[in-house]
Every structure is written in structure tokens, then in C-alpha cells.
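One file, final-v3.csv, is given below (CSV, N, CA and C atoms).
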```
chain,number,residue,atom,x,y,z
A,9,MET,N,92.1,97.7,68.2
A,9,MET,CA,92.0,98.7,69.3
A,9,MET,C,92.2,98.0,70.7
A,10,ILE,N,91.6,96.8,70.8
A,10,ILE,CA,91.7,96.1,72.1
A,10,ILE,C,93.1,95.6,72.2
A,11,LYS,N,93.8,95.1,71.1
A,11,LYS,CA,95.1,94.6,71.2
A,11,LYS,C,96.1,95.7,71.6
A,12,ARG,N,95.9,96.9,71.1
A,12,ARG,CA,96.7,98.0,71.4
A,12,ARG,C,96.5,98.4,72.9
A,13,THR,N,95.3,98.4,73.4
A,13,THR,CA,95.0,98.7,74.8
A,13,THR,C,95.7,97.7,75.7
A,14,LEU,N,95.6,96.4,75.3
A,14,LEU,CA,96.2,95.3,76.1
A,14,LEU,C,97.7,95.5,76.1
A,15,SER,N,98.3,95.8,74.9
A,15,SER,CA,99.8,96.0,74.8
A,15,SER,C,100.2,97.1,75.7
A,16,LEU,N,99.5,98.2,75.7
A,16,LEU,CA,99.8,99.4,76.5
A,16,LEU,C,99.7,99.0,78.0
A,17,ALA,N,98.7,98.3,78.4
A,17,ALA,CA,98.5,97.9,79.8
A,17,ALA,C,99.7,96.9,80.2
A,18,ALA,N,100.1,96.0,79.3
A,18,ALA,CA,101.2,95.1,79.6
A,18,ALA,C,102.5,95.9,79.7
A,19,ALA,N,102.7,96.9,78.8
A,19,ALA,CA,103.9,97.7,78.9
A,19,ALA,C,103.9,98.5,80.2
A,20,ALA,N,102.8,99.0,80.6
A,20,ALA,CA,102.7,99.7,81.9
A,20,ALA,C,103.0,98.8,83.1
A,21,ALA,N,102.5,97.6,83.0
A,21,ALA,CA,102.8,96.7,84.1
A,21,ALA,C,104.3,96.3,84.2
A,22,LEU,N,104.9,96.1,83.1
A,22,LEU,CA,106.3,95.8,83.0
A,22,LEU,C,107.2,97.0,83.5
A,23,THR,N,106.8,98.2,83.1
A,23,THR,CA,107.5,99.4,83.6
A,23,THR,C,107.3,99.6,85.1
A,24,LEU,N,106.1,99.3,85.6
A,24,LEU,CA,105.9,99.4,87.1
A,24,LEU,C,106.8,98.3,87.8
A,25,ALA,N,106.9,97.1,87.2
A,25,ALA,CA,107.7,96.1,87.8
A,25,ALA,C,109.2,96.5,87.8
A,26,ALA,N,109.6,97.1,86.7
A,26,ALA,CA,111.0,97.5,86.6
A,26,ALA,C,111.3,98.6,87.6
A,27,SER,N,110.3,99.5,87.8
A,27,SER,CA,110.5,100.6,88.8
A,27,SER,C,110.6,100.0,90.2
A,28,GLN,N,109.9,99.0,90.4
A,28,GLN,CA,109.9,98.3,91.8
A,28,GLN,C,111.3,97.7,92.0
A,29,VAL,N,111.9,97.1,90.9
A,29,VAL,CA,113.2,96.5,91.0
A,29,VAL,C,114.2,97.6,91.4
A,30,MET,N,114.1,98.7,90.7
A,30,MET,CA,115.1,99.8,90.9
A,30,MET,C,115.0,100.3,92.4
A,31,ALA,N,113.7,100.5,92.8
A,31,ALA,CA,113.5,101.0,94.2
A,31,ALA,C,114.0,100.0,95.2
A,32,ASP,N,113.7,98.7,95.0
A,32,ASP,CA,114.2,97.6,95.9
A,32,ASP,C,115.7,97.6,96.0
A,33,THR,N,116.4,97.8,94.8
A,33,THR,CA,117.8,97.7,94.7
A,33,THR,C,118.4,98.9,95.5
A,34,ALA,N,117.9,100.1,95.3
A,34,ALA,CA,118.4,101.3,96.0
A,34,ALA,C,118.2,101.1,97.5
A,35,ALA,N,117.1,100.6,97.9
A,35,ALA,CA,116.9,100.4,99.4
A,35,ALA,C,117.9,99.4,99.9
A,36,LYS,N,118.2,98.3,99.2
A,36,LYS,CA,119.1,97.3,99.6
A,36,LYS,C,120.5,97.9,99.7
A,37,ALA,N,120.9,98.7,98.7
A,37,ALA,CA,122.2,99.3,98.6
A,37,ALA,C,122.5,100.2,99.9
A,38,LYS,N,121.5,100.9,100.3
A,38,LYS,CA,121.6,101.8,101.5
A,38,LYS,C,121.8,101.0,102.7
A,39,ALA,N,121.1,99.8,102.8
A,39,ALA,CA,121.1,99.0,104.0
A,39,ALA,C,122.3,98.0,104.1
A,40,LYS,N,123.1,98.0,103.0
A,40,LYS,CA,124.2,97.0,102.9
A,40,LYS,C,125.3,97.2,104.0
A,41,PRO,N,125.7,96.2,104.7
A,41,PRO,CA,126.8,96.3,105.6
A,41,PRO,C,128.1,96.6,105.0
A,42,ALA,N,129.1,97.2,105.7
A,42,ALA,CA,130.3,97.6,105.1
A,42,ALA,C,131.2,96.4,104.7
A,43,ALA,N,131.2,95.3,105.5
A,43,ALA,CA,132.0,94.1,105.2
A,43,ALA,C,131.1,93.0,104.7
A,44,LYS,N,131.6,92.2,103.8
A,44,LYS,CA,130.8,91.1,103.2
A,44,LYS,C,130.8,90.0,104.2
A,45,PRO,N,129.7,89.4,104.5
A,45,PRO,CA,129.6,88.2,105.3
A,45,PRO,C,130.2,87.0,104.6
A,46,ALA,N,130.6,86.0,105.4
A,46,ALA,CA,131.0,84.7,104.8
A,46,ALA,C,130.0,84.1,103.9
A,47,ALA,N,130.4,83.3,103.0
A,47,ALA,CA,129.4,82.6,102.1
A,47,ALA,C,128.4,81.9,102.9
A,48,VAL,N,127.1,82.0,102.5
A,48,VAL,CA,126.0,81.4,103.1
A,48,VAL,C,125.4,80.4,102.2
A,49,GLU,N,125.0,79.3,102.8
A,49,GLU,CA,124.3,78.2,102.0
A,49,GLU,C,123.0,78.8,101.4
A,50,GLU,N,122.6,78.2,100.3
A,50,GLU,CA,121.4,78.6,99.6
A,50,GLU,C,120.2,78.3,100.5
A,51,ALA,N,119.4,79.4,100.7
A,51,ALA,CA,118.2,79.2,101.5
A,51,ALA,C,117.2,78.4,100.7
A,52,PRO,N,116.4,77.5,101.3
A,52,PRO,CA,115.4,76.8,100.6
A,52,PRO,C,114.3,77.8,100.0
A,53,LEU,N,113.7,77.5,98.9
A,53,LEU,CA,112.7,78.4,98.4
A,53,LEU,C,111.5,78.4,99.2
A,54,THR,N,110.8,79.5,99.3
A,54,THR,CA,109.5,79.6,100.0
A,54,THR,C,108.4,78.9,99.2
A,55,PRO,N,107.3,78.6,99.8
A,55,PRO,CA,106.2,78.1,99.1
A,55,PRO,C,105.7,79.1,98.0
A,56,GLY,N,105.7,80.4,98.3
A,56,GLY,CA,105.4,81.4,97.3
A,56,GLY,C,106.2,81.4,96.1
A,57,GLN,N,107.5,81.2,96.3
A,57,GLN,CA,108.5,81.2,95.2
A,57,GLN,C,108.2,79.9,94.3
A,58,LEU,N,107.9,78.8,95.0
A,58,LEU,CA,107.6,77.6,94.3
A,58,LEU,C,106.3,77.7,93.5
A,59,GLU,N,105.4,78.5,94.0
A,59,GLU,CA,104.1,78.7,93.2
A,59,GLU,C,104.3,79.5,92.0
A,60,VAL,N,105.3,80.4,92.0
A,60,VAL,CA,105.6,81.2,90.8
A,60,VAL,C,106.3,80.4,89.7
A,61,ALA,N,107.1,79.5,90.1
A,61,ALA,CA,108.0,78.7,89.2
A,61,ALA,C,107.3,78.1,88.0
A,62,PRO,N,106.1,77.5,88.1
A,62,PRO,CA,105.4,77.0,86.9
A,62,PRO,C,105.0,78.1,85.9
A,63,ARG,N,104.9,79.3,86.3
A,63,ARG,CA,104.5,80.4,85.4
A,63,ARG,C,105.6,80.9,84.6
A,64,VAL,N,106.9,80.5,84.8
A,64,VAL,CA,108.0,81.0,84.1
A,64,VAL,C,108.0,80.4,82.7
A,65,PHE,N,108.2,81.3,81.7
A,65,PHE,CA,108.3,80.9,80.3
A,65,PHE,C,109.7,80.5,80.1
A,66,VAL,N,109.9,79.2,79.7
A,66,VAL,CA,111.3,78.7,79.4
A,66,VAL,C,111.4,78.6,77.9
A,67,GLY,N,112.7,78.7,77.5
A,67,GLY,CA,112.9,78.5,76.0
A,67,GLY,C,113.8,79.7,75.6
A,68,HIS,N,113.8,79.9,74.3
A,68,HIS,CA,114.6,80.9,73.6
A,68,HIS,C,113.8,82.1,73.3
A,69,ALA,N,114.3,83.3,73.7
A,69,ALA,CA,113.6,84.5,73.5
A,69,ALA,C,114.4,85.4,72.5
A,70,GLU,N,113.8,85.9,71.4
A,70,GLU,CA,114.4,86.8,70.5
A,70,GLU,C,114.1,88.2,71.0
A,71,CYS,N,115.1,89.1,71.2
A,71,CYS,CA,114.9,90.4,71.8
A,71,CYS,C,115.3,91.5,70.8
A,72,GLU,N,115.1,92.7,71.2
A,72,GLU,CA,115.5,93.9,70.4
A,72,GLU,C,117.0,93.8,70.0
A,73,PHE,N,117.3,94.4,68.8
A,73,PHE,CA,118.6,94.5,68.3
A,73,PHE,C,119.3,93.1,68.1
A,74,SER,N,118.5,92.1,67.7
A,74,SER,CA,119.0,90.8,67.4
A,74,SER,C,119.7,90.1,68.6
A,75,GLN,N,119.3,90.5,69.8
A,75,GLN,CA,119.8,89.8,71.0
A,75,GLN,C,119.0,88.6,71.4
A,76,LYS,N,119.6,87.7,72.1
A,76,LYS,CA,118.9,86.5,72.5
A,76,LYS,C,119.1,86.2,74.0
A,77,VAL,N,118.0,85.6,74.6
A,77,VAL,CA,118.1,85.1,76.0
A,77,VAL,C,117.5,83.7,76.0
A,78,ASP,N,118.2,82.8,76.7
A,78,ASP,CA,117.7,81.5,76.9
A,78,ASP,C,117.4,81.2,78.3
A,79,VAL,N,116.2,80.7,78.6
A,79,VAL,CA,115.7,80.4,80.0
A,79,VAL,C,115.4,79.0,80.1
A,80,SER,N,116.1,78.3,81.1
A,80,SER,CA,115.8,76.8,81.2
A,80,SER,C,115.8,76.5,82.7
A,81,ALA,N,115.0,75.5,83.0
A,81,ALA,CA,114.9,75.0,84.4
A,81,ALA,C,116.2,74.3,84.8
A,82,VAL,N,116.6,74.3,86.0
A,82,VAL,CA,117.8,73.6,86.5
A,82,VAL,C,117.4,72.2,86.9
A,83,ASP,N,118.0,71.2,86.3
A,83,ASP,CA,117.6,69.8,86.6
A,83,ASP,C,117.9,69.5,88.1
A,84,GLY,N,117.0,68.9,88.7
A,84,GLY,CA,117.1,68.5,90.1
A,84,GLY,C,117.0,69.6,91.2
A,85,LYS,N,116.7,70.8,90.7
A,85,LYS,CA,116.5,71.9,91.7
A,85,LYS,C,115.3,72.6,91.3
A,86,PRO,N,114.1,72.1,91.8
A,86,PRO,CA,112.8,72.8,91.5
A,86,PRO,C,112.8,74.3,91.9
A,87,GLY,N,112.4,75.1,91.0
A,87,GLY,CA,112.3,76.5,91.2
A,87,GLY,C,113.5,77.3,90.8
A,88,TYR,N,114.6,76.6,90.4
A,88,TYR,CA,115.8,77.3,90.0
A,88,TYR,C,115.9,77.3,88.4
A,89,PHE,N,116.3,78.4,87.9
A,89,PHE,CA,116.4,78.6,86.4
A,89,PHE,C,117.7,79.2,86.0
A,90,LYS,N,118.2,78.8,84.8
A,90,LYS,CA,119.4,79.3,84.2
A,90,LYS,C,118.9,80.3,83.2
A,91,VAL,N,119.4,81.5,83.2
A,91,VAL,CA,119.1,82.5,82.2
A,91,VAL,C,120.5,82.9,81.6
A,92,ALA,N,120.5,82.6,80.2
A,92,ALA,CA,121.8,82.8,79.5
A,92,ALA,C,121.6,84.0,78.6
A,93,TYR,N,122.5,85.0,78.7
A,93,TYR,CA,122.5,86.2,77.8
A,93,TYR,C,123.9,86.5,77.4
A,94,GLY,N,124.2,86.4,76.1
A,94,GLY,CA,125.6,86.6,75.6
A,94,GLY,C,126.4,85.4,76.2
A,95,LYS,N,127.5,85.8,76.8
A,95,LYS,CA,128.4,84.8,77.4
A,95,LYS,C,128.1,84.6,78.9
A,96,ALA,N,127.2,85.4,79.4
A,96,ALA,CA,126.8,85.3,80.9
A,96,ALA,C,125.7,84.3,81.1
A,97,VAL,N,125.8,83.5,82.2
A,97,VAL,CA,124.8,82.6,82.6
A,97,VAL,C,124.5,82.9,84.1
A,98,TYR,N,123.2,83.2,84.3
A,98,TYR,CA,122.8,83.5,85.7
A,98,TYR,C,121.9,82.4,86.2
A,99,THR,N,122.1,82.0,87.5
A,99,THR,CA,121.2,81.1,88.2
A,99,THR,C,120.2,81.9,89.0
A,100,MET,N,118.9,81.8,88.6
A,100,MET,CA,117.9,82.7,89.2
A,100,MET,C,116.8,81.9,89.9
A,101,THR,N,116.1,82.6,90.8
A,101,THR,CA,115.0,82.0,91.5
A,101,THR,C,113.8,83.0,91.4
A,102,PRO,N,112.6,82.4,91.4
A,102,PRO,CA,111.4,83.3,91.2
A,102,PRO,C,111.2,84.1,92.5
A,103,GLN,N,110.7,85.3,92.3
A,103,GLN,CA,110.4,86.2,93.4
A,103,GLN,C,108.9,86.5,93.3
A,104,GLU,N,108.2,86.6,94.5
A,104,GLU,CA,106.8,87.0,94.5
A,104,GLU,C,106.7,88.5,94.2
A,105,THR,N,105.7,88.8,93.4
A,105,THR,CA,105.5,90.2,93.0
A,105,THR,C,104.0,90.6,93.3
A,106,THR,N,103.8,91.9,93.4
A,106,THR,CA,102.4,92.4,93.6
A,106,THR,C,101.7,92.7,92.3
A,107,THR,N,102.6,92.8,91.2
A,107,THR,CA,102.0,93.2,89.9
A,107,THR,C,101.6,92.0,89.0
A,108,GLY,N,101.9,90.8,89.4
A,108,GLY,CA,101.6,89.7,88.6
A,108,GLY,C,102.6,89.3,87.6
A,109,ALA,N,103.6,90.2,87.4
A,109,ALA,CA,104.8,89.9,86.5
A,109,ALA,C,105.6,88.7,87.1
A,110,VAL,N,106.2,87.9,86.3
A,110,VAL,CA,107.1,86.9,86.7
A,110,VAL,C,108.5,87.5,86.9
A,111,ARG,N,109.1,87.4,88.0
A,111,ARG,CA,110.4,88.0,88.3
A,111,ARG,C,111.3,86.9,88.8
A,112,LEU,N,112.4,86.7,88.0
A,112,LEU,CA,113.5,85.8,88.4
A,112,LEU,C,114.7,86.7,88.8
A,113,GLU,N,115.4,86.3,89.9
A,113,GLU,CA,116.5,87.2,90.4
A,113,GLU,C,117.7,86.3,90.7
A,114,ASP,N,118.9,86.8,90.3
A,114,ASP,CA,120.1,86.3,90.8
A,114,ASP,C,120.7,87.4,91.7
A,115,ARG,N,120.5,87.3,93.0
A,115,ARG,CA,120.9,88.3,93.9
A,115,ARG,C,122.4,88.5,93.9
A,116,LYS,N,123.2,87.4,93.8
A,116,LYS,CA,124.7,87.6,93.8
A,116,LYS,C,125.1,88.4,92.6
A,117,ALA,N,124.6,88.2,91.4
A,117,ALA,CA,125.0,89.0,90.3
A,117,ALA,C,124.3,90.3,90.1
A,118,GLY,N,123.2,90.4,90.8
A,118,GLY,CA,122.4,91.7,90.8
A,118,GLY,C,121.6,91.8,89.5
A,119,THR,N,121.2,90.6,88.9
A,119,THR,CA,120.4,90.7,87.7
A,119,THR,C,119.0,90.2,87.9
A,120,VAL,N,118.0,90.7,87.1
A,120,VAL,CA,116.6,90.4,87.3
A,120,VAL,C,116.1,90.1,85.9
A,121,TRP,N,115.3,89.0,85.7
A,121,TRP,CA,114.6,88.7,84.5
A,121,TRP,C,113.1,88.9,84.8
A,122,LEU,N,112.5,89.8,84.0
A,122,LEU,CA,111.1,90.1,84.2
A,122,LEU,C,110.3,89.6,83.0
A,123,GLN,N,109.2,88.9,83.2
A,123,GLN,CA,108.3,88.4,82.2
A,123,GLN,C,106.9,88.8,82.4
A,124,ILE,N,106.3,89.3,81.3
A,124,ILE,CA,104.8,89.5,81.2
A,124,ILE,C,104.4,88.9,79.9
A,125,PRO,N,103.2,88.6,79.7
A,125,PRO,CA,102.8,87.9,78.4
A,125,PRO,C,103.2,88.7,77.2
A,126,ALA,N,103.3,90.0,77.2
A,126,ALA,CA,103.6,90.8,76.0
A,126,ALA,C,105.1,90.9,75.7
A,127,LYS,N,105.9,90.9,76.8
A,127,LYS,CA,107.4,91.0,76.5
A,127,LYS,C,108.1,90.7,77.8
A,128,SER,N,109.4,90.6,77.7
A,128,SER,CA,110.3,90.4,78.8
A,128,SER,C,111.5,91.2,78.7
A,129,MET,N,112.3,91.4,79.9
A,129,MET,CA,113.5,92.2,79.8
A,129,MET,C,114.5,91.6,80.9
A,130,LEU,N,115.8,91.8,80.6
A,130,LEU,CA,116.8,91.4,81.6
A,130,LEU,C,117.4,92.7,82.1
A,131,MET,N,117.5,92.8,83.4
A,131,MET,CA,118.0,94.1,84.0
A,131,MET,C,119.2,93.9,84.9
A,132,ASP,N,120.1,94.8,84.9
A,132,ASP,CA,121.2,94.9,85.8
A,132,ASP,C,120.7,95.8,87.0
A,133,ALA,N,120.3,95.1,88.0
A,133,ALA,CA,119.6,95.9,89.1
A,133,ALA,C,120.7,96.7,89.9
A,134,LYS,N,121.9,96.2,89.9
A,134,LYS,CA,123.0,97.0,90.6
A,134,LYS,C,123.3,98.3,89.9
A,135,ALA,N,123.4,98.3,88.6
A,135,ALA,CA,123.6,99.5,87.8
A,135,ALA,C,122.4,100.3,87.5
A,136,GLY,N,121.2,99.6,87.7
A,136,GLY,CA,120.0,100.3,87.4
A,136,GLY,C,119.7,100.5,85.9
A,137,ARG,N,120.0,99.5,85.1
A,137,ARG,CA,119.8,99.7,83.7
A,137,ARG,C,119.4,98.4,83.1
A,138,ARG,N,118.7,98.5,81.9
A,138,ARG,CA,118.3,97.3,81.2
A,138,ARG,C,119.5,96.7,80.4
A,139,LEU,N,119.6,95.4,80.4
A,139,LEU,CA,120.6,94.8,79.6
A,139,LEU,C,120.1,94.4,78.2
A,140,VAL,N,118.8,93.9,78.2
A,140,VAL,CA,118.1,93.6,77.0
A,140,VAL,C,116.6,93.8,77.2
A,141,ASP,N,115.9,94.2,76.2
A,141,ASP,CA,114.5,94.5,76.3
A,141,ASP,C,113.8,94.0,75.1
A,142,GLY,N,112.5,94.0,75.1
A,142,GLY,CA,111.6,93.6,74.0
A,142,GLY,C,111.7,92.2,73.6
A,143,CYS,N,111.9,91.3,74.6
A,143,CYS,CA,112.0,89.9,74.3
A,143,CYS,C,110.6,89.2,74.2
```
As C-alpha cells, how would this structure be written, given the file I've shared?
Amino acid sequence: MIKRTLSLAAAAALTLAASQVMADTAAKAKAKPAAKPAAVEEAPLTPGQLEVAPRVFVGHAECEFSQKVDVSAVDGKPGYFKVAYGKAVYTMTPQETTTGAVRLEDRKAGTVWLQIPAKSMLMDAKAGRRLVDGC
């Protein structure tokens, strides 16, 4: 009974985090300028982002429908992670959250990797849909 309650609470937290991603993406899309600015250098990570980095689970994740996601730290770039799904590889950085979920984001590609102890999911924030779930 306790395990089920914890699983339900974890699923609710992940759903809340996913909803926050969708709301953030919608707000950013409305505020987007008409023309794309020139390429900008990577901004250094904030202390808050660097505090989240050690909580990121790295390794191989087995997901629903026999899908796989690999998460690994980028050598020589503290706080940066590679998230590989299918043939796509995303370079992601941790983002601070209010829910306690670990959130990695590749803003250029518009993808988000969410982790809670019970499960993880990869989302296409631009399209507002899950790419893979139940990892």
C-alpha cells in the first residue's frame, strides 16, 4: 500500500513537472522575436544549475515499448549531459525546478529530460508531446 502511494505521488510530481514544461514552452513561444538573433556563446551555468547536476541519474534507461535512452556526463564540461534517444543526441543542462524533479533541457532542440526516482521521460517541448515515457 505504501509503495503504491509513493508511486502515485511520484507520478503526480512528474505530471506536474511536465505541465510546467508545457506552460513554460507556450509562454516562450508567445514572447519569441520574429527574427532569429545571431548565434550566442554558451552562457556559463549558474550555481543553482551546478547544484542540480550531481542528482542527475546517468546510464542506460529502459523505457516503455522497448525504447532506450542513454544519459552521460560531457567530459570537461561540468553540468553538461548528453542524452541519446534513437539516432538523436541532445546536449542538455540542468534546470532548477520547484517540484524537486531533475530537469535537463536542450533549448536549441526544444527537448527536456525529466527524472524522478520512480520514472523518467523525454519530451519535445516545442511540439508539446512525450517522445518516450516510463523509463
Find the residues around Ala92 of chain A up to 6 Å (only C-alpha atoms counted), leave out those fewer than 3 positions away in its own chain, and share them as a short mmCIF file (atom, residue, chain, number, x, y, z; two decimals) with N, CA and C atoms, in the coordinates of the input.
```cif
data_model
loop_
_atom_site.label_atom_id
_atom_site.label_comp_id
_atom_site.auth_asym_id
_atom_site.auth_seq_id
_atom_site.Cartn_x
_atom_site.Cartn_y
_atom_site.Cartn_z
N VAL A 77 118.00 85.60 74.60
CA VAL A 77 118.10 85.10 76.00
C VAL A 77 117.50 83.70 76.00
N ASP A 78 118.20 82.80 76.70
CA ASP A 78 117.70 81.50 76.90
C ASP A 78 117.40 81.20 78.30
N ALA A 96 127.20 85.40 79.40
CA ALA A 96 126.80 85.30 80.90
C ALA A 96 125.70 84.30 81.10
N VAL A 97 125.80 83.50 82.20
CA VAL A 97 124.80 82.60 82.60
C VAL A 97 124.50 82.90 84.10
#
```
*What is the atom CA of Arg115 of chain A-atom N of Phe89 of chain A distance in Å, reported with one decimal?*
12.5 Å
Nearby residues, (115.5, 75.7, 81.4) file frame, 12 Å, only C-alpha atoms, as a PDB file with N, CA and C atoms, in the frame of the given file:
```pdb
ATOM      1  N   ALA A  61     107.100  79.500  90.100  1.00  0.00           N
ATOM      2  CA  ALA A  61     108.000  78.700  89.200  1.00  0.00           C
ATOM      3  C   ALA A  61     107.300  78.100  88.000  1.00  0.00           C
ATOM      4  N   PRO A  62     106.100  77.500  88.100  1.00  0.00           N
ATOM      5  CA  PRO A  62     105.400  77.000  86.900  1.00  0.00           C
ATOM      6  C   PRO A  62     105.000  78.100  85.900  1.00  0.00           C
ATOM      7  N   VAL A  64     106.900  80.500  84.800  1.00  0.00           N
ATOM      8  CA  VAL A  64     108.000  81.000  84.100  1.00  0.00           C
ATOM      9  C   VAL A  64     108.000  80.400  82.700  1.00  0.00           C
ATOM     10  N   PHE A  65     108.200  81.300  81.700  1.00  0.00           N
ATOM     11  CA  PHE A  65     108.300  80.900  80.300  1.00  0.00           C
ATOM     12  C   PHE A  65     109.700  80.500  80.100  1.00  0.00           C
ATOM     13  N   VAL A  66     109.900  79.200  79.700  1.00  0.00           N
ATOM     14  CA  VAL A  66     111.300  78.700  79.400  1.00  0.00           C
ATOM     15  C   VAL A  66     111.400  78.600  77.900  1.00  0.00           C
ATOM     16  N   GLY A  67     112.700  78.700  77.500  1.00  0.00           N
ATOM     17  CA  GLY A  67     112.900  78.500  76.000  1.00  0.00           C
ATOM     18  C   GLY A  67     113.800  79.700  75.600  1.00  0.00           C
ATOM     19  N   HIS A  68     113.800  79.900  74.300  1.00  0.00           N
ATOM     20  CA  HIS A  68     114.600  80.900  73.600  1.00  0.00           C
ATOM     21  C   HIS A  68     113.800  82.100  73.300  1.00  0.00           C
ATOM     22  N   ALA A  69     114.300  83.300  73.700  1.00  0.00           N
ATOM     23  CA  ALA A  69     113.600  84.500  73.500  1.00  0.00           C
ATOM     24  C   ALA A  69     114.400  85.400  72.500  1.00  0.00           C
ATOM     25  N   VAL A  77     118.000  85.600  74.600  1.00  0.00           N
ATOM     26  CA  VAL A  77     118.100  85.100  76.000  1.00  0.00           C
ATOM     27  C   VAL A  77     117.500  83.700  76.000  1.00  0.00           C
ATOM     28  N   ASP A  78     118.200  82.800  76.700  1.00  0.00           N
ATOM     29  CA  ASP A  78     117.700  81.500  76.900  1.00  0.00           C
ATOM     30  C   ASP A  78     117.400  81.200  78.300  1.00  0.00           C
ATOM     31  N   VAL A  79     116.200  80.700  78.600  1.00  0.00           N
ATOM     32  CA  VAL A  79     115.700  80.400  80.000  1.00  0.00           C
ATOM     33  C   VAL A  79     115.400  79.000  80.100  1.00  0.00           C
ATOM     34  N   SER A  80     116.100  78.300  81.100  1.00  0.00           N
ATOM     35  CA  SER A  80     115.800  76.800  81.200  1.00  0.00           C
ATOM     36  C   SER A  80     115.800  76.500  82.700  1.00  0.00           C
ATOM     37  N   ALA A  81     115.000  75.500  83.000  1.00  0.00           N
ATOM     38  CA  ALA A  81     114.900  75.000  84.400  1.00  0.00           C
ATOM     39  C   ALA A  81     116.200  74.300  84.800  1.00  0.00           C
ATOM     40  N   VAL A  82     116.600  74.300  86.000  1.00  0.00           N
ATOM     41  CA  VAL A  82     117.800  73.600  86.500  1.00  0.00           C
ATOM     42  C   VAL A  82     117.400  72.200  86.900  1.00  0.00           C
ATOM     43  N   ASP A  83     118.000  71.200  86.300  1.00  0.00           N
ATOM     44  CA  ASP A  83     117.600  69.800  86.600  1.00  0.00           C
ATOM     45  C   ASP A  83     117.900  69.500  88.100  1.00  0.00           C
ATOM     46  N   GLY A  84     117.000  68.900  88.700  1.00  0.00           N
ATOM     47  CA  GLY A  84     117.100  68.500  90.100  1.00  0.00           C
ATOM     48  C   GLY A  84     117.000  69.600  91.200  1.00  0.00           C
ATOM     49  N   LYS A  85     116.700  70.800  90.700  1.00  0.00           N
ATOM     50  CA  LYS A  85     116.500  71.900  91.700  1.00  0.00           C
ATOM     51  C   LYS A  85     115.300  72.600  91.300  1.00  0.00           C
ATOM     52  N   PRO A  86     114.100  72.100  91.800  1.00  0.00           N
ATOM     53  CA  PRO A  86     112.800  72.800  91.500  1.00  0.00           C
ATOM     54  C   PRO A  86     112.800  74.300  91.900  1.00  0.00           C
ATOM     55  N   GLY A  87     112.400  75.100  91.000  1.00  0.00           N
ATOM     56  CA  GLY A  87     112.300  76.500  91.200  1.00  0.00           C
ATOM     57  C   GLY A  87     113.500  77.300  90.800  1.00  0.00           C
ATOM     58  N   TYR A  88     114.600  76.600  90.400  1.00  0.00           N
ATOM     59  CA  TYR A  88     115.800  77.300  90.000  1.00  0.00           C
ATOM     60  C   TYR A  88     115.900  77.300  88.400  1.00  0.00           C
ATOM     61  N   PHE A  89     116.300  78.400  87.900  1.00  0.00           N
ATOM     62  CA  PHE A  89     116.400  78.600  86.400  1.00  0.00           C
ATOM     63  C   PHE A  89     117.700  79.200  86.000  1.00  0.00           C
ATOM     64  N   LYS A  90     118.200  78.800  84.800  1.00  0.00           N
ATOM     65  CA  LYS A  90     119.400  79.300  84.200  1.00  0.00           C
ATOM     66  C   LYS A  90     118.900  80.300  83.200  1.00  0.00           C
ATOM     67  N   VAL A  91     119.400  81.500  83.200  1.00  0.00           N
ATOM     68  CA  VAL A  91     119.100  82.500  82.200  1.00  0.00           C
ATOM     69  C   VAL A  91     120.500  82.900  81.600  1.00  0.00           C
ATOM     70  N   ALA A  92     120.500  82.600  80.200  1.00  0.00           N
ATOM     71  CA  ALA A  92     121.800  82.800  79.500  1.00  0.00           C
ATOM     72  C   ALA A  92     121.600  84.000  78.600  1.00  0.00           C
ATOM     73  N   VAL A  97     125.800  83.500  82.200  1.00  0.00           N
ATOM     74  CA  VAL A  97     124.800  82.600  82.600  1.00  0.00           C
ATOM     75  C   VAL A  97     124.500  82.900  84.100  1.00  0.00           C
ATOM     76  N   TYR A  98     123.200  83.200  84.300  1.00  0.00           N
ATOM     77  CA  TYR A  98     122.800  83.500  85.700  1.00  0.00           C
ATOM     78  C   TYR A  98     121.900  82.400  86.200  1.00  0.00           C
ATOM     79  N   THR A  99     122.100  82.000  87.500  1.00  0.00           N
ATOM     80  CA  THR A  99     121.200  81.100  88.200  1.00  0.00           C
ATOM     81  C   THR A  99     120.200  81.900  89.000  1.00  0.00           C
ATOM     82  N   MET A 100     118.900  81.800  88.600  1.00  0.00           N
ATOM     83  CA  MET A 100     117.900  82.700  89.200  1.00  0.00           C
ATOM     84  C   MET A 100     116.800  81.900  89.900  1.00  0.00           C
ATOM     85  N   THR A 101     116.100  82.600  90.800  1.00  0.00           N
ATOM     86  CA  THR A 101     115.000  82.000  91.500  1.00  0.00           C
ATOM     87  C   THR A 101     113.800  83.000  91.400  1.00  0.00           C
TER      88      THR A 101
END
```
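The set of protein, DNA and RNA residues with any counted atom at most 9 Å from (111.8, 86.4, 87.7) (only C-alpha atoms) reads Val60, Ala61, Val64, Met100, Thr101, Pro102, Gln103, Glu104, Ala109, Val110, Arg111, Leu112, Glu113, Asp114, Val120, Trp121, Leu122 and Gln123 of chain A.
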*Residue nearest Ala135 of chain A - candidates A:Ala51, A:Tyr93, A:Thr105, A:Gly118, atoms counted: all atoms listed in the file*: A:Gly118
_Point-to-point distance from atom CA of Gln57 of chain A to atom C of Lys134 of chain A, Å rounded to tenths_ =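 Separation of atom CA of Gln57 of chain A and atom C of Lys134 of chain A: 23.2 Å.
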*State, in Å with one decimal place, the distance from atom C of Thr107 of chain A to atom N of Phe73 of chain A.*
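Atom C of Thr107 of chain A sits 25.7 Å away from atom N of Phe73 of chain A.
Distance annotation: of A:Glu59, A:Thr106, A:Gly94, A:Gly136, the residue with the minimal separation from Ser74 of chain A is A:Gly94; atom set is only C-alpha atoms.
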_Nearest candidate to Arg138 of chain A (options A:Gly108, A:Glu72, A:Pro125, A:Pro55; using only C-alpha atoms)_ = A:Glu72
